[in-house]
Amino acid sequence: MTLQQVGGVLLIFLLCPVIGALPLLQWLVYGLTRIDLRQVGTGNVSVSAAFYHGGRRAGIAAVLSEAGKGFAVVLLARLFFPAASVWELVAIVALVLGRFWASRGAGVTNVVWGMLAHDPIVMLLGLVLCGVGFTIVRERQAGKLLALVVLPGTLWMMHPDQMDRVGAAIVLSGLLYWIYQKVPDDLDLKATEANPKAQGMFRFFQADRAIATLDDLLDADRVGDKIAMLSQLRRWGYAVPSGWVWQAGDDLALVADTVQPDLDDRVIVRSSPCGEMTLPVAARESYGCIANLADGEALVLAIEECWKVYDCSEAVAYRRDRDLGDPGMAVLVQRQIAGIFSGTAYRIVPPAESGSTGSIAPPHEPTDRDQKADLGADPSADQNPTATPPPRTQLQRLPLADRVFRLRRGWAKRYGVRCRV
């Protein structure tokens with residue numbers, strides 16, 4: 001090692017931590033949004049926090065600033081050592097240490113762009129492998145661990161004769177793993193409270209898309225009639241509360257991170273057995289639901305309880321005695337609304353328009369737009385939301401509030417159904 005390279009080593013160990021400690025990200029976000037990241041959310045001064053609280057413009061500025069740091073330390077090492085040397089990895093390690101020391105950030109963006117400058121082929125291959133793995137696994141913590149293994153693994157596959165670089169990459173991955181245990185994760189924050197322009201990104205990286213929701217096109221043969229119909233109504237534009245669907249075999253460890261219930265945002269768990277509409281009313285109501293869930297642990301226990309009811313000896317014997325088979329059951333977790341009125345509403349479709357009563361929506365339904373009625377229904381009172389509407393000539397009595405009765409009289413008058421209150 002020459003005297004010049006000795007000086008380079010000293011600069012790497014002294015200057016790179018200082019570069020990592022520079023609060024460029026914090027300054028940029030504050031300048032663009034007047035938001036101090038240290039005072040909001042988890043308190044992390046990170047790229048994800050910039051997107052979450054500041055939106056897309058602040059997030060992009062944060063990425064550019066942290067990417068610049070990663071490139072800078074690699075170029076600094078190249079002033080004294082050959083390209084793609086182990087000292088470039090040492091410089092990235094020093095950068096990450098300075099970043100963590102100053103702002104308690106993990107420095108993942110620094111590492112990604114620093115590695116891209118260090119060895120583009122290795123980094124791009126690693127990103128492809130991580131992307132494929134995360135798409136398959138769709139679980140955030142597993143995705144992090146996968147990336148930490150892929151980084152030195154890919155370097156070893158491409159350069160098996162350069163074990164000094166592989167060793168430095170292992171040290172870098174170990175440092176990131178240690179930092180992960182020390183800092184809170186911004187992705188644990190609620191996506192619904194993020195900046196509107198960043199909510200889609202947060203839902204993706206929170207792995208919500210691994211779980212079916214009521215916004216998806218759902219098959220009644222897989223998730224049951226109740227969930228399938230609620231999904232259809234929501235996609236038609238009805239005010240159906242948002243919901244997540246769990247099927248047998250899904251990872252319940254994702255429940256708390258995905259739904260995040262609390263005292264001000266309770267949820268309800270509802271059973272949805274496949275073939276529900278072929279069961280007698282008593283059998284359908286036996287599955288029931290569990291309401292007023294305000295924490296993740298209670299939510300997991302409620303989902304497990306619903307499946308226990310489906311798998312209990314009495315339920316199994318009931319299905320066996322009636323040759324119903326074992327079609328399976330899904331569980332719906334929905335935001336619980338504060339009920340003002342409760343009851344059961346039926347959507348009436350004349351056979352002349354639908355071909356078979358209740359099979360499709362009429363072209364238009366009158367609404368109480370002038371009064372702008374804000375009606376809430378207790379989900380626990382709605383055990384059969386997908387029941388087939390009555391024939392046109394059948395008398396109906398529904399225990400709904402007066403405003404709902406007025407709406408129903410309007411439907412009855414239009415479609416020729418007599419209404420008795």
# chains A, B, ... in the order shown; residues from 1 in each chain; ligands from 1
>>> select_by_dssp(residues="segment 52-266 of chain A", states="strand (DSSP E)", output="PyMOL selection string")
chain A and resi 212-213+243-247
>>> atom_distance(atom1="atom CA of Ala106 of chain A", atom2="atom CA of Ile211 of chain A")
27.7 Å
>>> residues_around(residues="segment 320-329 of chain A", least_positions_apart="5", cutoff="7 Å", atoms="only C-alpha atoms", output="ChimeraX atom specification")
/A:223-224,247,272-274
>>> atom_distance(atom1="atom CA of Ala315 of chain A", atom2="atom CA of Val331 of chain A")
16.2 Å
>>> select_by_dssp(residues="segment 30-131 of chain A", states="alpha helix (DSSP H)", output="ChimeraX atom specification")
/A:30-33,47-49,56-78,86-103,108-118,120-131
>>> atom_distance(atom1="atom CA of Asp264 of chain A", atom2="atom CA of Gln39 of chain A")
22.3 Å
>>> closest_atom_pairs(of="segment 71-190 of chain A", to="segment 19-31 of chain A", cutoff="6 Å", atoms="only C-alpha atoms", output="CSV")
residue,atom,partner,partner_atom,distance
A:Leu95,CA,A:Gly20,CA,4.7
A:Gly98,CA,A:Gly20,CA,4.7
A:Arg99,CA,A:Gly20,CA,4.3
A:Ala102,CA,A:Ala21,CA,4.9
>>> write_last_selection(atoms="all heavy atoms", output="tab-separated table (two decimals), in the first residue's frame")
chain	number	residue	atom	x	y	z
A	95	LEU	N	-20.18	4.94	5.63
A	95	LEU	CA	-21.30	5.84	5.35
A	95	LEU	C	-22.54	5.45	6.14
A	95	LEU	O	-23.21	6.29	6.76
A	95	LEU	CB	-21.60	5.82	3.85
A	95	LEU	CG	-22.84	6.58	3.36
A	95	LEU	CD1	-22.64	8.08	3.52
A	95	LEU	CD2	-23.15	6.23	1.91
A	98	GLY	N	-22.19	6.31	9.85
A	98	GLY	CA	-22.42	7.73	10.09
A	98	GLY	C	-23.88	8.10	9.98
A	98	GLY	O	-24.39	8.91	10.78
A	99	ARG	N	-24.57	7.51	9.03
A	99	ARG	CA	-26.01	7.76	8.86
A	99	ARG	C	-26.79	7.33	10.09
A	99	ARG	O	-27.66	8.05	10.59
A	99	ARG	CB	-26.48	6.97	7.63
A	99	ARG	CG	-27.96	7.07	7.32
A	99	ARG	CD	-28.22	8.15	6.32
A	99	ARG	NE	-29.55	8.05	5.76
A	99	ARG	CZ	-30.67	8.42	6.39
A	99	ARG	NH1	-30.61	8.88	7.62
A	99	ARG	NH2	-31.84	8.33	5.78
A	102	ALA	N	-26.04	9.61	13.24
A	102	ALA	CA	-26.57	10.98	13.23
A	102	ALA	C	-28.08	11.02	13.25
A	102	ALA	O	-28.68	11.87	13.92
A	102	ALA	CB	-26.04	11.73	12.01
